[in-house]
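Participant: Following this line is work13.tsv, made up of TSV, C-alpha atoms:
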```
chain	number	residue	atom	x	y	z
A	3	MET	CA	-15.35	-7.74	10.43
A	4	ALA	CA	-15.86	-4.54	8.46
A	5	ASN	CA	-13.28	-3.02	6.17
A	6	LEU	CA	-11.15	-0.20	7.56
A	7	LEU	CA	-12.41	2.06	4.78
A	8	THR	CA	-16.05	2.53	3.80
A	9	PHE	CA	-17.18	3.33	0.27
A	10	SER	CA	-18.13	6.88	1.29
A	11	GLN	CA	-14.69	7.40	2.87
A	12	GLN	CA	-13.08	6.10	-0.32
A	13	ILE	CA	-15.00	8.59	-2.44
A	14	ALA	CA	-14.11	11.45	-0.08
A	15	ILE	CA	-10.38	10.67	-0.38
A	16	LYS	CA	-10.03	9.32	-3.94
A	17	LYS	CA	-13.14	8.98	-6.05
A	18	ILE	CA	-14.10	5.77	-7.80
A	19	SER	CA	-17.23	5.18	-9.87
A	20	GLN	CA	-20.55	4.66	-8.07
A	21	ASN	CA	-21.23	1.88	-10.60
A	22	ASN	CA	-18.54	-0.24	-8.99
A	23	SER	CA	-19.63	0.11	-5.38
A	24	VAL	CA	-20.65	-3.56	-5.51
A	25	ILE	CA	-17.06	-4.75	-5.96
A	26	PHE	CA	-15.63	-2.24	-3.47
A	27	ASP	CA	-15.88	-4.37	-0.32
A	28	GLN	CA	-14.07	-7.32	-1.89
A	29	LEU	CA	-11.44	-5.10	-3.47
A	30	CYS	CA	-10.83	-3.26	-0.19
A	31	LEU	CA	-10.54	-6.49	1.76
A	32	GLU	CA	-7.95	-7.82	-0.71
A	33	VAL	CA	-5.91	-4.62	-0.54
A	34	GLU	CA	-6.05	-4.58	3.27
A	35	SER	CA	-4.89	-8.16	3.55
A	36	VAL	CA	-1.99	-7.75	1.12
A	37	GLU	CA	-0.76	-4.15	1.21
A	38	LEU	CA	-1.46	-3.26	4.83
A	39	THR	CA	-0.06	-6.53	6.11
A	40	LYS	CA	3.20	-5.65	4.36
A	41	LEU	CA	3.30	-2.18	5.92
A	42	LEU	CA	1.84	-2.75	9.38
A	43	GLY	CA	2.36	-6.44	10.05
A	44	TYR	CA	-0.54	-8.77	10.72
A	45	SER	CA	-0.72	-8.08	14.49
A	46	LEU	CA	-1.26	-4.35	14.20
A	47	LEU	CA	-3.54	-4.73	11.19
A	48	GLN	CA	-5.76	-7.19	13.05
A	49	ASP	CA	-5.83	-4.87	16.06
A	50	LEU	CA	-6.91	-1.96	13.83
A	51	GLN	CA	-9.61	-4.12	12.24
A	52	ALA	CA	-10.90	-5.33	15.60
A	53	ASN	CA	-10.61	-2.01	17.48
A	54	PRO	CA	-10.82	0.89	15.01
A	55	ALA	CA	-12.54	3.25	17.47
A	56	THR	CA	-9.90	3.36	20.22
A	57	VAL	CA	-8.28	6.78	20.55
A	58	ASP	CA	-4.83	5.62	19.44
A	59	ASN	CA	-6.11	3.50	16.56
A	60	ALA	CA	-8.35	6.36	15.37
A	61	LYS	CA	-5.27	8.62	15.19
A	62	LEU	CA	-3.47	6.02	13.13
A	63	LEU	CA	-6.44	5.42	10.84
A	64	ASN	CA	-7.59	9.01	10.33
A	65	GLY	CA	-4.33	10.88	10.61
A	66	CYS	CA	-3.10	13.40	13.13
A	67	THR	CA	-0.41	15.95	13.87
A	68	PHE	CA	2.72	14.93	15.76
A	69	THR	CA	6.21	16.19	16.52
A	70	ASP	CA	8.91	14.50	14.43
A	71	VAL	CA	12.42	13.61	15.61
A	72	TYR	CA	13.68	17.07	14.61
A	73	GLY	CA	11.06	18.87	16.70
A	74	ASN	CA	8.97	19.89	13.69
A	75	THR	CA	5.22	19.60	13.56
A	76	ALA	CA	4.19	17.02	10.97
A	77	THR	CA	0.79	15.77	9.85
A	78	GLN	CA	0.35	12.17	8.83
A	79	LYS	CA	-2.74	11.50	6.71
A	80	GLY	CA	-3.56	8.11	8.18
A	81	ILE	CA	-3.97	4.53	7.08
A	82	ARG	CA	-7.36	5.23	5.48
A	83	PHE	CA	-5.76	7.74	3.10
A	84	ILE	CA	-3.10	5.20	2.16
A	85	LEU	CA	-5.71	2.48	1.76
A	86	ALA	CA	-7.83	4.70	-0.52
A	87	TYR	CA	-4.94	5.16	-2.94
A	88	PHE	CA	-4.01	1.47	-2.86
A	89	ASN	CA	-7.69	0.69	-3.54
A	90	PHE	CA	-7.72	3.12	-6.45
A	91	SER	CA	-4.62	1.48	-7.90
A	92	LYS	CA	-6.24	-1.94	-7.77
A	93	TYR	CA	-9.61	-0.58	-8.91
A	94	ILE	CA	-8.35	0.95	-12.15
A	95	GLY	CA	-6.69	-2.33	-13.04
A	96	GLU	CA	-9.84	-4.39	-12.49
A	97	SER	CA	-12.88	-2.14	-12.94
A	98	PHE	CA	-13.36	-2.89	-16.64
A	99	ILE	CA	-13.27	-6.67	-16.20
A	100	GLN	CA	-16.50	-8.65	-15.78
A	101	ASP	CA	-16.75	-12.27	-14.66
A	102	THR	CA	-19.41	-14.11	-16.67
A	103	MET	CA	-20.43	-17.72	-17.16
A	104	THR	CA	-18.38	-17.78	-20.35
A	105	GLY	CA	-15.27	-16.39	-18.65
A	106	MET	CA	-13.69	-13.03	-18.02
A	107	VAL	CA	-14.85	-10.32	-20.42
A	108	GLN	CA	-14.37	-6.62	-21.03
A	109	LYS	CA	-17.26	-4.40	-22.06
A	110	THR	CA	-16.86	-2.16	-25.08
A	111	ARG	CA	-18.95	0.83	-26.06
A	112	GLN	CA	-19.14	2.81	-29.26
A	113	ASP	CA	-19.20	6.18	-27.52
A	114	SER	CA	-16.01	5.63	-25.51
A	115	GLU	CA	-12.57	4.14	-25.93
A	116	ARG	CA	-10.66	2.23	-23.29
A	117	ILE	CA	-7.32	3.74	-22.27
A	118	SER	CA	-4.14	1.84	-23.08
A	119	ASN	CA	-2.51	-0.66	-20.74
A	120	GLY	CA	0.43	1.73	-20.43
A	121	ASP	CA	-1.87	4.49	-19.18
A	122	ILE	CA	-3.47	2.08	-16.69
A	123	VAL	CA	-0.06	1.06	-15.35
A	124	ARG	CA	1.02	4.71	-15.10
A	125	LEU	CA	-2.13	5.61	-13.14
A	126	GLN	CA	-1.64	2.60	-10.87
A	127	GLN	CA	1.97	3.56	-10.20
A	128	ASP	CA	1.01	7.18	-9.51
A	129	ALA	CA	-1.60	6.07	-6.95
A	130	ARG	CA	0.87	3.68	-5.31
A	131	THR	CA	3.49	6.43	-5.14
A	132	ILE	CA	1.05	8.74	-3.37
A	133	ALA	CA	0.15	5.95	-0.91
A	134	LEU	CA	3.77	5.04	-0.17
A	135	THR	CA	4.78	8.69	0.21
A	136	ALA	CA	2.00	9.15	2.78
A	137	TRP	CA	3.18	5.92	4.46
A	138	GLU	CA	6.59	7.50	5.17
A	139	LEU	CA	4.99	10.00	7.57
A	140	VAL	CA	2.73	7.34	9.10
A	141	GLU	CA	5.82	5.20	9.69
A	142	GLN	CA	7.56	8.15	11.40
A	143	PHE	CA	4.47	8.62	13.56
A	144	LEU	CA	4.57	4.92	14.51
A	145	ILE	CA	8.27	5.14	15.35
A	146	GLN	CA	7.72	8.24	17.50
A	147	ASN	CA	4.76	6.58	19.26
A	148	SER	CA	5.91	2.97	19.35
A	149	THR	CA	4.86	2.60	22.98
A	150	LEU	CA	1.23	3.32	21.97
A	151	TYR	CA	1.36	0.64	19.24
A	152	PRO	CA	3.12	-2.37	20.79
A	153	LYS	CA	1.72	-4.68	18.11
A	154	TRP	CA	3.70	-2.82	15.45
A	155	ASN	CA	7.06	-4.49	15.24
A	156	ILE	CA	9.60	-2.35	13.41
A	157	GLY	CA	11.87	-5.36	12.92
A	158	GLN	CA	9.04	-7.43	11.46
A	159	LYS	CA	9.71	-6.27	7.91
A	160	LEU	CA	10.78	-9.05	5.62
A	161	ASN	CA	14.05	-8.55	3.81
A	162	PRO	CA	14.21	-10.31	0.49
A	163	TYR	CA	16.87	-12.94	0.01
A	164	THR	CA	19.87	-11.48	-1.76
A	165	PRO	CA	22.15	-14.14	-3.18
A	166	LYS	CA	25.92	-13.92	-3.03
A	167	LEU	CA	27.11	-13.88	-6.62
A	168	SER	CA	30.62	-14.64	-7.69
A	169	GLY	CA	32.46	-15.02	-10.92
A	170	LEU	CA	30.98	-12.02	-12.72
A	171	LYS	CA	33.22	-10.86	-15.50
A	172	LYS	CA	33.57	-7.30	-16.63
A	173	THR	CA	36.24	-6.23	-19.08
A	174	GLY	CA	38.22	-9.40	-18.52
A	175	ARG	CA	38.43	-9.03	-14.71
A	176	THR	CA	36.56	-11.38	-12.38
A	177	ILE	CA	34.63	-9.52	-9.65
A	178	ASN	CA	33.05	-11.22	-6.63
A	179	ILE	CA	30.28	-9.22	-4.98
A	180	ASP	CA	28.69	-9.70	-1.57
A	181	TRP	CA	25.20	-8.27	-2.17
A	182	ASN	CA	24.35	-8.07	1.55
A	183	THR	CA	27.20	-5.66	2.25
A	184	ARG	CA	27.44	-4.38	-1.32
A	185	THR	CA	31.21	-4.85	-1.35
A	186	ILE	CA	33.62	-6.41	-3.79
A	187	ILE	CA	35.32	-9.55	-2.55
A	188	ASN	CA	38.62	-10.70	-4.08
```
Output the structure of this file as structure tokens.

Facilitator:
Amino acid sequence: MANLLTFSQQIAIKKISQNNSVIFDQLCLEVESVELTKLLGYSLLQDLQANPATVDNAKLLNGCTFTDVYGNTATQKGIRFILAYFNFSKYIGESFIQDTMTGMVQKTRQDSERISNGDIVRLQQDARTIALTAWELVEQFLIQNSTLYPKWNIGQKLNPYTPKLSGLKKTGRTINIDWNTRTIIN
């Protein structure tokens, strides 16, 4: 099964170095299986991977214009756009690392200096923010067209476990908090 995003599509949306085209397929597959499963659920993701050329799936992958709940015309950029920015985020964190027989190494050159880890993290977060902002419109599109995408289950999102804490003290007063309802219990 081919990736949802080709190397040429990646470069058209968010450029990465031609030198790393070899690692692109693996990187893209990893991002698809982790990030897109979280957003789309495994059923819809597998349907997109198996049937990317259907009319409805092509709209979801490539983007399209739709009418939002307020009657406004909105344009969602598509899953491929989101995937390109997730790929870029992962790429900048891994592109300088080489796997060798002696272990993981990082190349150094006299004519260039590697950016700091803080700059890498900032760039990764910026790319993820762009992807997740684009996802908001894609999600609205899916909600508006849920009958066209029956494999997308809105209720499928996993909510993290939030423990019920009690006995917290603040300024001498004991406060019990129910984190699910975000209320104070006495």

Participant: Identify which of the residues A:Trp137, A:Ile132, A:Thr56, A:Gly73 lies closest to A:Leu38, counting only C-alpha atoms when measuring atom-to-atom distances.

Facilitator: A:Trp137

Participant: Could you tell me how far atom CA of A:Asn74 sits from atom CA of A:Phe88, in Å to one decimal place?

Facilitator: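 Spanning atom CA of A:Phe88 to atom CA of A:Asn74 is a straight-line distance of 28.0 Å.
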
Participant: Could you check the closest approach to A:Ala4 for each of A:Thr135, A:Ser35, A:Gln51, A:Thr69 and tell me which residue wins, using all atoms listed in the file?

Facilitator: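 Among A:Thr135, A:Ser35, A:Gln51, A:Thr69, it is A:Gln51 that comes nearest to A:Ala4.
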
Participant: At most 12 Å from (-15.6, -0.6, -4.7), file frame, all atoms listed in the file: which residues, as a CSV table (one decimal) with C-alpha atoms, in the frame of the given file?

Facilitator:
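Here's the written file point-v4.csv:
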```csv
chain,number,residue,atom,x,y,z
A,5,ASN,CA,-13.3,-3.0,6.2
A,7,LEU,CA,-12.4,2.1,4.8
A,8,THR,CA,-16.0,2.5,3.8
A,9,PHE,CA,-17.2,3.3,0.3
A,10,SER,CA,-18.1,6.9,1.3
A,11,GLN,CA,-14.7,7.4,2.9
A,12,GLN,CA,-13.1,6.1,-0.3
A,13,ILE,CA,-15.0,8.6,-2.4
A,16,LYS,CA,-10.0,9.3,-3.9
A,17,LYS,CA,-13.1,9.0,-6.0
A,18,ILE,CA,-14.1,5.8,-7.8
A,19,SER,CA,-17.2,5.2,-9.9
A,20,GLN,CA,-20.6,4.7,-8.1
A,21,ASN,CA,-21.2,1.9,-10.6
A,22,ASN,CA,-18.5,-0.2,-9.0
A,23,SER,CA,-19.6,0.1,-5.4
A,24,VAL,CA,-20.6,-3.6,-5.5
A,25,ILE,CA,-17.1,-4.8,-6.0
A,26,PHE,CA,-15.6,-2.2,-3.5
A,27,ASP,CA,-15.9,-4.4,-0.3
A,28,GLN,CA,-14.1,-7.3,-1.9
A,29,LEU,CA,-11.4,-5.1,-3.5
A,30,CYS,CA,-10.8,-3.3,-0.2
A,31,LEU,CA,-10.5,-6.5,1.8
A,32,GLU,CA,-8.0,-7.8,-0.7
A,33,VAL,CA,-5.9,-4.6,-0.5
A,86,ALA,CA,-7.8,4.7,-0.5
A,88,PHE,CA,-4.0,1.5,-2.9
A,89,ASN,CA,-7.7,0.7,-3.5
A,90,PHE,CA,-7.7,3.1,-6.4
A,91,SER,CA,-4.6,1.5,-7.9
A,92,LYS,CA,-6.2,-1.9,-7.8
A,93,TYR,CA,-9.6,-0.6,-8.9
A,94,ILE,CA,-8.4,1.0,-12.2
A,96,GLU,CA,-9.8,-4.4,-12.5
A,97,SER,CA,-12.9,-2.1,-12.9
```

Participant: For each of A:Val71, A:Ile186, A:Leu41, A:Val123, take the minimum atom-to-atom distance to A:Ala136, counting only C-alpha atoms, then give the residue where this is smallest.

Facilitator: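 Of all the options, A:Leu41 lies closest to A:Ala136.
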
Participant: Quick one: axis-aligned box around all listed atoms of stretch 70-87 of chain A, 6 Å on every side, centre and edge lengths in Å to one decimal, written as JSON.

Facilitator:
```
{"center_x": 2.9, "center_y": 11.2, "center_z": 6.9, "size_x": 33.5, "size_y": 29.4, "size_z": 31.6}
```

Participant: Excluding same-chain residues fewer than 6 positions from A:Gln146, what lies within 12 Å of it counting only C-alpha atoms, as a list of chain:residue names?

Facilitator: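 Within the cut-off, the hits are A:Thr67, A:Phe68, A:Thr69, A:Asp70, A:Val71, A:Tyr72, A:Gly73, A:Ala76, A:Leu139, A:Val140, A:Trp154, A:Ile156.
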
Participant: For atom CA of A:Leu42 and atom CA of A:Asp128, determine how far apart the two atoms are, in Å to one decimal place.

Facilitator: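 Computed distance, atom CA of A:Leu42 to atom CA of A:Asp128, equals 21.4 Å.
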
Participant: Separation of atom CA of A:Gln48 and atom CA of A:Lys153, in Å?

Facilitator: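 Atom-to-atom, atom CA of A:Gln48 and atom CA of A:Lys153 are spaced 9.4 Å apart.
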
Participant: Counting all atoms listed in the file, which of A:Ile81, A:Leu6, A:Val36, A:Leu150 gets nearest to A:Ala133?

Facilitator: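 Distance minimum relative to A:Ala133 lands on A:Ile81.
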
Participant: Pick from A:Gly95, A:Gln142, A:Thr183, A:Tyr151: nearest to A:Val57, with all atoms listed in the file counted?

Facilitator: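 Smallest separation from A:Val57 among the options: A:Tyr151.
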